[in-house]
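Just data20.pdb here, PDB, N, CA and C atoms:
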```pdb
ATOM      1  N   MET S1475       0.849  -1.182   0.000
ATOM      2  CA  MET S1475       0.000   0.000   0.000
ATOM      3  C   MET S1475       0.892   1.242   0.000
ATOM      4  N   THR S1476       0.557   2.161  -0.865
ATOM      5  CA  THR S1476       1.291   3.421  -0.909
ATOM      6  C   THR S1476       0.807   4.334   0.205
ATOM      7  N   GLN S1477       1.615   5.298   0.524
ATOM      8  CA  GLN S1477       1.270   6.251   1.573
ATOM      9  C   GLN S1477       0.129   7.153   1.102
ATOM     10  N   MET S1478      -0.820   7.388   1.988
ATOM     11  CA  MET S1478      -1.988   8.214   1.673
ATOM     12  C   MET S1478      -1.600   9.687   1.784
ATOM     13  N   THR S1479      -1.227  10.281   0.644
ATOM     14  CA  THR S1479      -0.843  11.691   0.594
ATOM     15  C   THR S1479      -1.578  12.360  -0.558
ATOM     16  N   ARG S1480      -1.558  13.668  -0.575
ATOM     17  CA  ARG S1480      -2.184  14.406  -1.688
ATOM     18  C   ARG S1480      -1.511  14.048  -3.011
ATOM     19  N   HIS S1481      -0.187  13.959  -2.990
ATOM     20  CA  HIS S1481       0.546  13.612  -4.212
ATOM     21  C   HIS S1481       0.100  12.246  -4.740
ATOM     22  N   GLU S1482       0.040  11.263  -3.884
ATOM     23  CA  GLU S1482      -0.360   9.918  -4.300
ATOM     24  C   GLU S1482      -1.828   9.886  -4.715
ATOM     25  N   LEU S1483      -2.668  10.669  -4.049
ATOM     26  CA  LEU S1483      -4.077  10.738  -4.429
ATOM     27  C   LEU S1483      -4.205  11.308  -5.832
ATOM     28  N   GLU S1484      -3.455  12.352  -6.120
ATOM     29  CA  GLU S1484      -3.477  12.953  -7.461
ATOM     30  C   GLU S1484      -2.982  11.957  -8.503
ATOM     31  N   ARG S1485      -1.925  11.251  -8.184
ATOM     32  CA  ARG S1485      -1.355  10.265  -9.109
ATOM     33  C   ARG S1485      -2.372   9.158  -9.406
ATOM     34  N   LEU S1486      -3.003   8.632  -8.378
ATOM     35  CA  LEU S1486      -4.024   7.606  -8.570
ATOM     36  C   LEU S1486      -5.223   8.138  -9.344
ATOM     37  N   THR S1487      -5.642   9.358  -9.019
ATOM     38  CA  THR S1487      -6.789   9.957  -9.699
ATOM     39  C   THR S1487      -6.530  10.112 -11.190
ATOM     40  N   VAL S1488      -5.375  10.635 -11.537
ATOM     41  CA  VAL S1488      -5.034  10.820 -12.951
ATOM     42  C   VAL S1488      -4.972   9.466 -13.651
ATOM     43  N   TYR S1489      -4.295   8.530 -13.040
ATOM     44  CA  TYR S1489      -4.157   7.194 -13.630
ATOM     45  C   TYR S1489      -5.525   6.569 -13.873
ATOM     46  N   LEU S1490      -6.376   6.567 -12.859
ATOM     47  CA  LEU S1490      -7.682   5.926 -12.987
ATOM     48  C   LEU S1490      -8.601   6.670 -13.949
ATOM     49  N   THR S1491      -8.552   7.986 -13.929
ATOM     50  CA  THR S1491      -9.374   8.766 -14.858
ATOM     51  C   THR S1491      -9.020   8.425 -16.298
ATOM     52  N   GLU S1492      -7.735   8.307 -16.576
ATOM     53  CA  GLU S1492      -7.295   7.952 -17.925
ATOM     54  C   GLU S1492      -7.732   6.544 -18.306
ATOM     55  N   ARG S1493      -7.632   5.609 -17.385
ATOM     56  CA  ARG S1493      -7.972   4.215 -17.688
ATOM     57  C   ARG S1493      -9.484   4.031 -17.838
ATOM     58  N   ILE S1494     -10.246   4.677 -16.985
ATOM     59  CA  ILE S1494     -11.708   4.535 -17.050
ATOM     60  C   ILE S1494     -12.235   5.169 -18.321
ATOM     61  N   GLY S1495     -11.720   6.329 -18.644
ATOM     62  CA  GLY S1495     -12.104   7.000 -19.870
ATOM     63  C   GLY S1495     -13.324   7.890 -19.711
ATOM     64  N   ALA S1496     -13.689   8.493 -20.816
ATOM     65  CA  ALA S1496     -14.818   9.422 -20.853
ATOM     66  C   ALA S1496     -16.134   8.651 -20.829
ATOM     67  N   PRO S1497     -17.193   9.325 -20.390
ATOM     68  CA  PRO S1497     -18.504   8.675 -20.427
ATOM     69  C   PRO S1497     -18.838   8.263 -21.867
ATOM     70  N   CYS S1498     -19.481   7.126 -21.999
ATOM     71  CA  CYS S1498     -19.877   6.669 -23.325
ATOM     72  C   CYS S1498     -21.251   6.011 -23.229
ATOM     73  N   GLU S1499     -21.956   6.059 -24.329
ATOM     74  CA  GLU S1499     -23.310   5.513 -24.349
ATOM     75  C   GLU S1499     -23.423   4.228 -25.149
ATOM     76  N   SER S1500     -22.368   3.859 -25.853
ATOM     77  CA  SER S1500     -22.419   2.625 -26.627
ATOM     78  C   SER S1500     -21.080   1.909 -26.523
ATOM     79  N   GLY S1501     -21.074   0.673 -26.932
ATOM     80  CA  GLY S1501     -19.852  -0.116 -26.869
ATOM     81  C   GLY S1501     -19.934  -1.166 -25.786
ATOM     82  N   ASP S1502     -18.939  -2.022 -25.761
ATOM     83  CA  ASP S1502     -18.927  -3.153 -24.835
ATOM     84  C   ASP S1502     -18.928  -2.744 -23.365
ATOM     85  N   HIS S1503     -18.303  -1.638 -23.047
ATOM     86  CA  HIS S1503     -18.139  -1.244 -21.644
ATOM     87  C   HIS S1503     -18.963  -0.024 -21.251
ATOM     88  N   ALA S1504     -19.927   0.347 -22.072
ATOM     89  CA  ALA S1504     -20.708   1.567 -21.822
ATOM     90  C   ALA S1504     -21.377   1.542 -20.449
ATOM     91  N   GLY S1505     -21.902   0.421 -20.043
ATOM     92  CA  GLY S1505     -22.587   0.330 -18.756
ATOM     93  C   GLY S1505     -21.665   0.315 -17.556
ATOM     94  N   GLN S1506     -20.376   0.150 -17.773
ATOM     95  CA  GLN S1506     -19.418   0.084 -16.670
ATOM     96  C   GLN S1506     -18.702   1.400 -16.421
ATOM     97  N   VAL S1507     -18.649   2.254 -17.421
ATOM     98  CA  VAL S1507     -17.854   3.478 -17.306
ATOM     99  C   VAL S1507     -18.410   4.425 -16.251
ATOM    100  N   GLU S1508     -19.675   4.767 -16.325
ATOM    101  CA  GLU S1508     -20.225   5.740 -15.370
ATOM    102  C   GLU S1508     -20.183   5.250 -13.929
ATOM    103  N   PRO S1509     -20.510   3.980 -13.640
ATOM    104  CA  PRO S1509     -20.365   3.519 -12.252
ATOM    105  C   PRO S1509     -18.927   3.621 -11.736
ATOM    106  N   LEU S1510     -17.956   3.334 -12.600
ATOM    107  CA  LEU S1510     -16.555   3.463 -12.186
ATOM    108  C   LEU S1510     -16.187   4.922 -11.957
ATOM    109  N   ARG S1511     -16.684   5.805 -12.822
ATOM    110  CA  ARG S1511     -16.420   7.236 -12.646
ATOM    111  C   ARG S1511     -17.028   7.732 -11.333
ATOM    112  N   ARG S1512     -18.236   7.289 -10.993
ATOM    113  CA  ARG S1512     -18.869   7.682  -9.718
ATOM    114  C   ARG S1512     -18.079   7.145  -8.534
ATOM    115  N   ARG S1513     -17.654   5.887  -8.629
ATOM    116  CA  ARG S1513     -16.854   5.283  -7.550
ATOM    117  C   ARG S1513     -15.570   6.066  -7.338
ATOM    118  N   LEU S1514     -14.932   6.444  -8.439
ATOM    119  CA  LEU S1514     -13.698   7.224  -8.352
ATOM    120  C   LEU S1514     -13.962   8.565  -7.667
ATOM    121  N   ARG S1515     -14.989   9.286  -8.111
ATOM    122  CA  ARG S1515     -15.314  10.595  -7.502
ATOM    123  C   ARG S1515     -15.605  10.457  -6.012
ATOM    124  N   HIS S1516     -16.402   9.461  -5.651
ATOM    125  CA  HIS S1516     -16.752   9.234  -4.244
ATOM    126  C   HIS S1516     -15.503   8.956  -3.409
ATOM    127  N   SER S1517     -14.660   8.078  -3.911
ATOM    128  CA  SER S1517     -13.452   7.711  -3.165
ATOM    129  C   SER S1517     -12.496   8.882  -3.017
ATOM    130  N   VAL S1518     -12.285   9.615  -4.093
ATOM    131  CA  VAL S1518     -11.382  10.765  -4.049
ATOM    132  C   VAL S1518     -11.917  11.821  -3.091
ATOM    133  N   THR S1519     -13.213  12.057  -3.107
ATOM    134  CA  THR S1519     -13.815  13.037  -2.195
ATOM    135  C   THR S1519     -13.619  12.621  -0.742
ATOM    136  N   GLY S1520     -13.817  11.348  -0.445
ATOM    137  CA  GLY S1520     -13.645  10.859   0.924
ATOM    138  C   GLY S1520     -12.214  10.963   1.409
ATOM    139  N   VAL S1521     -11.269  10.558   0.571
ATOM    140  CA  VAL S1521      -9.855  10.645   0.955
ATOM    141  C   VAL S1521      -9.446  12.106   1.091
ATOM    142  N   ASP S1522      -9.929  12.950   0.183
ATOM    143  CA  ASP S1522      -9.631  14.381   0.244
ATOM    144  C   ASP S1522     -10.137  14.994   1.554
ATOM    145  N   ALA S1523     -11.324  14.601   1.995
ATOM    146  CA  ALA S1523     -11.869  15.119   3.253
ATOM    147  C   ALA S1523     -10.970  14.729   4.429
ATOM    148  N   TYR S1524     -10.502  13.499   4.422
ATOM    149  CA  TYR S1524      -9.595  13.054   5.478
ATOM    150  C   TYR S1524      -8.290  13.856   5.445
ATOM    151  N   LEU S1525      -7.697  13.999   4.260
ATOM    152  CA  LEU S1525      -6.438  14.745   4.148
ATOM    153  C   LEU S1525      -6.615  16.200   4.569
ATOM    154  N   ALA S1526      -7.749  16.793   4.238
ATOM    155  CA  ALA S1526      -8.021  18.173   4.653
ATOM    156  C   ALA S1526      -8.116  18.258   6.181
ATOM    157  N   ALA S1527      -8.734  17.269   6.795
ATOM    158  CA  ALA S1527      -8.838  17.261   8.257
ATOM    159  C   ALA S1527      -7.456  17.126   8.897
ATOM    160  N   VAL S1528      -6.609  16.291   8.323
ATOM    161  CA  VAL S1528      -5.239  16.134   8.827
ATOM    162  C   VAL S1528      -4.486  17.449   8.692
ATOM    163  N   GLU S1529      -4.582  18.077   7.520
ATOM    164  CA  GLU S1529      -3.883  19.339   7.278
ATOM    165  C   GLU S1529      -4.361  20.446   8.208
ATOM    166  N   ALA S1530      -5.634  20.411   8.582
ATOM    167  CA  ALA S1530      -6.196  21.423   9.482
ATOM    168  C   ALA S1530      -5.983  21.046  10.950
ATOM    169  N   ASP S1531      -5.322  19.912  11.171
ATOM    170  CA  ASP S1531      -5.101  19.403  12.529
ATOM    171  C   ASP S1531      -6.418  19.264  13.284
ATOM    172  N   SER S1532      -7.430  18.812  12.551
ATOM    173  CA  SER S1532      -8.762  18.648  13.126
ATOM    174  C   SER S1532      -8.850  17.338  13.899
ATOM    175  N   PRO S1533      -9.516  17.368  15.052
ATOM    176  CA  PRO S1533      -9.721  16.124  15.795
ATOM    177  C   PRO S1533     -10.591  15.124  15.023
ATOM    178  N   ALA S1534     -11.307  15.594  14.013
ATOM    179  CA  ALA S1534     -12.157  14.706  13.217
ATOM    180  C   ALA S1534     -11.328  13.734  12.379
ATOM    181  N   ALA S1535     -10.071  14.059  12.140
ATOM    182  CA  ALA S1535      -9.228  13.213  11.295
ATOM    183  C   ALA S1535      -9.168  11.784  11.804
ATOM    184  N   VAL S1536      -9.066  11.629  13.089
ATOM    185  CA  VAL S1536      -8.972  10.282  13.653
ATOM    186  C   VAL S1536     -10.240   9.475  13.359
ATOM    187  N   HIS S1537     -11.372  10.139  13.310
ATOM    188  CA  HIS S1537     -12.632   9.461  13.035
ATOM    189  C   HIS S1537     -12.820   9.202  11.537
ATOM    190  N   LEU S1538     -12.237  10.029  10.709
ATOM    191  CA  LEU S1538     -12.344   9.875   9.261
ATOM    192  C   LEU S1538     -11.365   8.838   8.717
ATOM    193  N   PHE S1539     -10.320   8.559   9.479
ATOM    194  CA  PHE S1539      -9.260   7.686   8.984
ATOM    195  C   PHE S1539      -9.738   6.310   8.527
ATOM    196  N   PRO S1540     -10.535   5.567   9.299
ATOM    197  CA  PRO S1540     -10.920   4.225   8.848
ATOM    198  C   PRO S1540     -11.650   4.229   7.493
ATOM    199  N   ALA S1541     -12.566   5.149   7.310
ATOM    200  CA  ALA S1541     -13.289   5.226   6.036
ATOM    201  C   ALA S1541     -12.356   5.638   4.905
ATOM    202  N   ALA S1542     -11.477   6.601   5.178
ATOM    203  CA  ALA S1542     -10.533   7.049   4.153
ATOM    204  C   ALA S1542      -9.597   5.914   3.753
ATOM    205  N   LEU S1543      -9.152   5.152   4.709
ATOM    206  CA  LEU S1543      -8.267   4.024   4.415
ATOM    207  C   LEU S1543      -8.982   2.989   3.552
ATOM    208  N   ASP S1544     -10.223   2.720   3.858
ATOM    209  CA  ASP S1544     -11.009   1.776   3.063
ATOM    210  C   ASP S1544     -11.164   2.290   1.630
ATOM    211  N   LEU S1545     -11.473   3.580   1.485
ATOM    212  CA  LEU S1545     -11.600   4.174   0.150
ATOM    213  C   LEU S1545     -10.270   4.128  -0.598
ATOM    214  N   TRP S1546      -9.185   4.419   0.111
ATOM    215  CA  TRP S1546      -7.842   4.402  -0.488
ATOM    216  C   TRP S1546      -7.505   3.008  -1.012
ATOM    217  N   ARG S1547      -7.772   2.005  -0.202
ATOM    218  CA  ARG S1547      -7.498   0.630  -0.626
ATOM    219  C   ARG S1547      -8.343   0.254  -1.838
ATOM    220  N   GLY S1548      -9.569   0.762  -1.881
ATOM    221  CA  GLY S1548     -10.415   0.527  -3.043
ATOM    222  C   GLY S1548      -9.836   1.147  -4.303
ATOM    223  N   LEU S1549      -9.292   2.353  -4.184
ATOM    224  CA  LEU S1549      -8.641   3.002  -5.323
ATOM    225  C   LEU S1549      -7.443   2.179  -5.799
ATOM    226  N   GLU S1550      -6.668   1.695  -4.858
ATOM    227  CA  GLU S1550      -5.505   0.889  -5.226
ATOM    228  C   GLU S1550      -5.920  -0.420  -5.889
ATOM    229  N   ARG S1551      -6.961  -1.057  -5.376
ATOM    230  CA  ARG S1551      -7.448  -2.291  -6.005
ATOM    231  C   ARG S1551      -7.950  -2.022  -7.419
ATOM    232  N   LEU S1552      -8.644  -0.923  -7.593
ATOM    233  CA  LEU S1552      -9.131  -0.552  -8.917
ATOM    234  C   LEU S1552      -7.965  -0.318  -9.872
ATOM    235  N   ALA S1553      -6.925   0.363  -9.406
ATOM    236  CA  ALA S1553      -5.748   0.612 -10.231
ATOM    237  C   ALA S1553      -5.047  -0.678 -10.604
ATOM    238  N   GLU S1554      -5.029  -1.627  -9.693
ATOM    239  CA  GLU S1554      -4.355  -2.903  -9.939
ATOM    240  C   GLU S1554      -5.065  -3.741 -11.004
ATOM    241  N   ALA S1555      -6.292  -3.376 -11.346
ATOM    242  CA  ALA S1555      -7.041  -4.111 -12.370
ATOM    243  C   ALA S1555      -6.411  -3.938 -13.753
ATOM    244  N   TRP S1556      -5.591  -2.914 -13.923
ATOM    245  CA  TRP S1556      -4.918  -2.693 -15.209
ATOM    246  C   TRP S1556      -3.488  -3.221 -15.127
ATOM    247  N   ALA S1557      -3.024  -3.791 -16.213
ATOM    248  CA  ALA S1557      -1.701  -4.416 -16.253
ATOM    249  C   ALA S1557      -0.568  -3.432 -15.988
ATOM    250  N   ASP S1558      -0.757  -2.168 -16.376
ATOM    251  CA  ASP S1558       0.314  -1.193 -16.207
ATOM    252  C   ASP S1558       0.115  -0.352 -14.939
ATOM    253  N   ALA S1559      -0.462  -0.973 -13.912
ATOM    254  CA  ALA S1559      -0.752  -0.263 -12.673
ATOM    255  C   ALA S1559       0.509   0.376 -12.096
ATOM    256  N   PRO S1560       0.372   1.605 -11.560
ATOM    257  CA  PRO S1560       1.538   2.266 -10.973
ATOM    258  C   PRO S1560       1.951   1.565  -9.685
ATOM    259  N   THR S1561       3.230   1.585  -9.400
ATOM    260  CA  THR S1561       3.717   1.024  -8.143
ATOM    261  C   THR S1561       3.856   2.143  -7.138
ATOM    262  N   GLY S1562       3.905   1.784  -5.893
ATOM    263  CA  GLY S1562       4.021   2.782  -4.824
ATOM    264  C   GLY S1562       5.252   3.633  -4.993
ATOM    265  N   GLY S1563       5.121   4.919  -4.640
ATOM    266  CA  GLY S1563       6.241   5.842  -4.800
ATOM    267  C   GLY S1563       6.848   6.261  -3.523
TER     268      GLY S1563
END
```
What do you get writing this file as structure tokens?
Amino acid sequence: MTQMTRHELERLTVYLTERIGAPCESGDHAGQVEPLRRRLRHSVTGVDAYLAAVEADSPAAVHLFPAALDLWRGLERLAEAWADAPTGG
């Protein structure tokens, strides 16, 4: 597992956005693209909220951590679905 940082979140977001691709209405994977895009947005938003709480030294960070970690691991699992998945930095 890579370290949960803004840099790594950006790297994963860019990688996954490129792999998932733009919304499409036809083709073999048309029904899978939008759900993956929603999952990505949800996960990035959750991890971002946790990182913002850490940066603000908010006591809420400790409570947000378990959910953020779960979302982070989901992002990493999604990235691993592609053969050229990035390795931890």
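If only C-alpha atoms are the atoms counted, then among S:Ala1542, S:Arg1551, S:Thr1491, S:Gln1506 the closest residue to Asp1522 in chain S is S:Ala1542.
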For this structure, which residues satisfy the selection - the PyMOL selection byres ((chain S and resi 1521) around 8) - when it is evaluated on the file as given? I want them as a ChimeraX atom specification. /S:1483,1515-1520,1522-1527,1541-1543,1545-1546
d(CA of Ala1555 in chain S, CA of Phe1539 in chain S) in Å: 24.5 Å
Quick check, in Å to one decimal: how far apart do atom C of Glu1482 in chain S and CA of Glu1550 in chain S lie? 9.7 Å
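Here CA of Leu1490 in chain S stands at a distance of 7.7 Å from CA of Leu1514 in chain S.
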Just list as a ChimeraX atom specification whatever in chain S DSSP marks as alpha helix (DSSP H). /S:1480-1494,1504-1529,1535-1554
Specify the axis-aligned box that encloses all atoms of range 1531-1537 of chain S listed in the file after padding of 6 Å on each side, stating its centre and edge lengths in Å to one decimal as JSON.
```
{"center_x": -9.0, "center_y": 14.6, "center_z": 13.5, "size_x": 19.7, "size_y": 22.7, "size_z": 16.6}
```
Which residue, S:Pro1509, S:Ala1534, S:Glu1554, S:Leu1549, has the smallest gap to Thr1487 in chain S when you use only N, CA and C atoms?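 Nearest candidate to Thr1487 in chain S out of S:Pro1509, S:Ala1534, S:Glu1554, S:Leu1549: S:Leu1549.
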For Met1478 in chain S, which residue out of S:Val1528, S:Val1507, S:Leu1552, S:Glu1492 is the nearest one, using only C-alpha atoms?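 Closest residue, counting only C-alpha atoms: S:Val1528.
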